[in-house]
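The next block holds one structure in the form of structure tokens; read it before the comments.
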Amino acid sequence: MITPTRKAPSLVLPTVYHGEFNLFNEEPKNFTMAIFIRGLHCPLCISYLKDLASYLSQLIDMGVDYIIISADDKVRASQMLQKVGSTELRYAYNLEIEKAKEWDLYISRGRGKTSIGIEELELFPEPGLFLIKPDKTIFSAYIQSMPFARPQLKEIISSLNFILSKKYPARGNIIT
């Protein structure tokens with residue numbers, strides 16, 4: 001179970017333009033933000049990544065690294081970045097469903113073509129966003145069972161400013 005202050009599951013995946021991503025080799029100043037998305041078939045993911053691209057310089061200035069992760073293959077991941085209009089985004093692909101489950105992500109079964117005419121994968125994870133501290137422990141987790149109501153990046157940036165300025169601790173780690 002994903003719980004703040006516990007070690008994050010391992011995560012090693014290829015990226016479209018930035019070589020291999022290995023969470024345990026990351027050396028962020030403050031956090032690594034792991035953003036799990038549904039993939040190419042999801043119009044909300046496309047919008048979310050466009051929004052992310054507009055905040056990259058702020059994240060970098062705050063000492064926050066990031067990785068986008070999907071179950072898409074390299075072709076679909078490349079097509080996603082084309083739709084987003086960015087080769088700058090660090091986008092990992094080939095997430096296995098068993099690995100998605102280690103991150104407590106909800107899994108959905110594909111239902112054919114979406115509103116943008118792209119076939120859903122047979123199985124794919126629903127969205128999740130995790131902040132991971134440099135010691136590889138989970139700081140916070142935002143897990144969705146649907147493509148809607150994701151944490152807005154503007155609010156994440158505002159929260160990060162507060163967390164960093166006040167040295168705010170991880171919360172929600174008491175299991176009863």
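Going by the structure tokens order, chains are called A, B, ..., each with residues numbered from 1, while ligands are numbered from 1 in the order shown.
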Write out as an mmCIF file with C-alpha atoms, in the first residue's frame the residues lying within 7 Å of stretch 34-36 of chain A, counting only C-alpha atoms and excluding same-chain residues fewer than 6 positions away.
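Output file around-v4.cif follows:
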data_model
loop_
_atom_site.group_PDB
_atom_site.id
_atom_site.type_symbol
_atom_site.label_atom_id
_atom_site.label_comp_id
_atom_site.auth_asym_id
_atom_site.auth_seq_id
_atom_site.Cartn_x
_atom_site.Cartn_y
_atom_site.Cartn_z
ATOM 1 C CA TYR A 66 9.137 14.914 -12.882
ATOM 2 C CA ILE A 67 8.309 11.878 -14.957
ATOM 3 C CA ILE A 68 5.155 11.123 -16.936
ATOM 4 C CA ILE A 69 4.276 7.423 -17.093
ATOM 5 C CA SER A 70 1.824 5.451 -19.224
ATOM 6 C CA PRO A 127 -4.360 8.773 -13.241
ATOM 7 C CA GLY A 128 -2.120 9.181 -10.242
ATOM 8 C CA LEU A 129 0.333 11.843 -9.105
ATOM 9 C CA PHE A 130 2.953 11.205 -6.430
ATOM 10 C CA LEU A 131 5.511 13.457 -4.795
#
Tell me, as a ChimeraX atom specification, which residues lie within 7 Å of stretch 159-171 of chain A, counting only C-alpha atoms; anything in the same chain fewer than 6 positions away does not count.
/A:4-5,139-140
Just the selected residues (all heavy atoms), exported as an mmCIF file, in the first residue's frame, please.
data_model
loop_
_atom_site.group_PDB
_atom_site.id
_atom_site.type_symbol
_atom_site.label_atom_id
_atom_site.label_comp_id
_atom_site.auth_asym_id
_atom_site.auth_seq_id
_atom_site.Cartn_x
_atom_site.Cartn_y
_atom_site.Cartn_z
ATOM 1 N N PRO A 4 2.426 7.661 2.784
ATOM 2 C CA PRO A 4 3.470 8.661 3.002
ATOM 3 C C PRO A 4 4.479 8.194 4.046
ATOM 4 O O PRO A 4 4.113 7.527 5.020
ATOM 5 C CB PRO A 4 2.682 9.884 3.474
ATOM 6 C CG PRO A 4 1.352 9.718 2.805
ATOM 7 C CD PRO A 4 1.083 8.230 2.868
ATOM 8 N N THR A 5 5.712 8.529 3.818
ATOM 9 C CA THR A 5 6.921 8.236 4.601
ATOM 10 C C THR A 5 7.466 6.828 4.363
ATOM 11 O O THR A 5 8.542 6.509 4.843
ATOM 12 C CB THR A 5 6.758 8.471 6.129
ATOM 13 O OG1 THR A 5 5.908 7.484 6.692
ATOM 14 C CG2 THR A 5 6.245 9.882 6.425
ATOM 15 N N PHE A 139 5.898 11.280 -0.305
ATOM 16 C CA PHE A 139 5.491 12.453 0.456
ATOM 17 C C PHE A 139 3.967 12.618 0.366
ATOM 18 O O PHE A 139 3.302 12.849 1.365
ATOM 19 C CB PHE A 139 6.188 13.712 -0.057
ATOM 20 C CG PHE A 139 5.839 14.937 0.724
ATOM 21 C CD1 PHE A 139 6.446 15.180 1.945
ATOM 22 C CD2 PHE A 139 4.885 15.824 0.269
ATOM 23 C CE1 PHE A 139 6.108 16.297 2.701
ATOM 24 C CE2 PHE A 139 4.542 16.950 1.011
ATOM 25 C CZ PHE A 139 5.152 17.187 2.227
ATOM 26 N N SER A 140 3.425 12.507 -0.849
ATOM 27 C CA SER A 140 1.978 12.607 -1.022
ATOM 28 C C SER A 140 1.537 11.814 -2.238
ATOM 29 O O SER A 140 2.331 11.554 -3.142
ATOM 30 C CB SER A 140 1.525 14.067 -1.144
ATOM 31 O OG SER A 140 2.082 14.657 -2.297
#
Within 12 Å of A:Gly85, counting only C-alpha atoms, which residues qualify if same-chain residues fewer than 3 places away don't, as a ChimeraX atom specification?
/A:46-47,49-54,78-82,88-89
Sel. of strand (DSSP E or B) residues, chain A, as a ChimeraX atom specification
/A:7,12-15,20-22,31-36,64-69,91-92,107-109,113,119,123-125,128-132,137-143
I'd like the contact shell of A:Gly63 - 9 Å cut-off, only C-alpha atoms, skipping same-chain residues fewer than 4 positions apart - returned as a list of chain:residue names.
A:Pro28, A:Lys29, A:Asn30, A:Phe31, A:Thr32, A:Gln58, A:Leu59
Just to be explicit: take each residue in the selection above, keep N, CA, C and O atoms, and write the result as an mmCIF file, in the first residue's frame.
data_model
loop_
_atom_site.group_PDB
_atom_site.id
_atom_site.type_symbol
_atom_site.label_atom_id
_atom_site.label_comp_id
_atom_site.auth_asym_id
_atom_site.auth_seq_id
_atom_site.Cartn_x
_atom_site.Cartn_y
_atom_site.Cartn_z
ATOM 1 N N PRO A 28 16.693 14.630 -7.125
ATOM 2 C CA PRO A 28 16.070 15.957 -7.099
ATOM 3 C C PRO A 28 16.494 16.729 -5.857
ATOM 4 O O PRO A 28 16.858 16.136 -4.843
ATOM 5 N N LYS A 29 16.431 18.031 -5.947
ATOM 6 C CA LYS A 29 16.705 18.842 -4.763
ATOM 7 C C LYS A 29 15.601 18.634 -3.725
ATOM 8 O O LYS A 29 15.888 18.480 -2.541
ATOM 9 N N ASN A 30 14.339 18.616 -4.176
ATOM 10 C CA ASN A 30 13.225 18.523 -3.231
ATOM 11 C C ASN A 30 12.293 17.324 -3.458
ATOM 12 O O ASN A 30 11.971 16.629 -2.518
ATOM 13 N N PHE A 31 11.848 17.119 -4.684
ATOM 14 C CA PHE A 31 10.910 16.035 -4.975
ATOM 15 C C PHE A 31 11.081 15.536 -6.400
ATOM 16 O O PHE A 31 11.514 16.281 -7.277
ATOM 17 N N THR A 32 10.655 14.296 -6.604
ATOM 18 C CA THR A 32 10.350 13.799 -7.945
ATOM 19 C C THR A 32 8.838 13.682 -7.997
ATOM 20 O O THR A 32 8.224 13.104 -7.095
ATOM 21 N N GLN A 58 8.869 26.474 -13.594
ATOM 22 C CA GLN A 58 8.590 26.677 -12.169
ATOM 23 C C GLN A 58 8.982 25.441 -11.365
ATOM 24 O O GLN A 58 9.552 25.563 -10.281
ATOM 25 N N LEU A 59 8.658 24.259 -11.878
ATOM 26 C CA LEU A 59 9.025 23.031 -11.170
ATOM 27 C C LEU A 59 10.542 22.921 -11.031
ATOM 28 O O LEU A 59 11.050 22.603 -9.948
#
Using only C-alpha atoms, the shortest atom-to-atom distance to A:Arg6 among A:Asn173, A:Gln152, A:Thr137, A:Gln144 belongs to A:Thr137
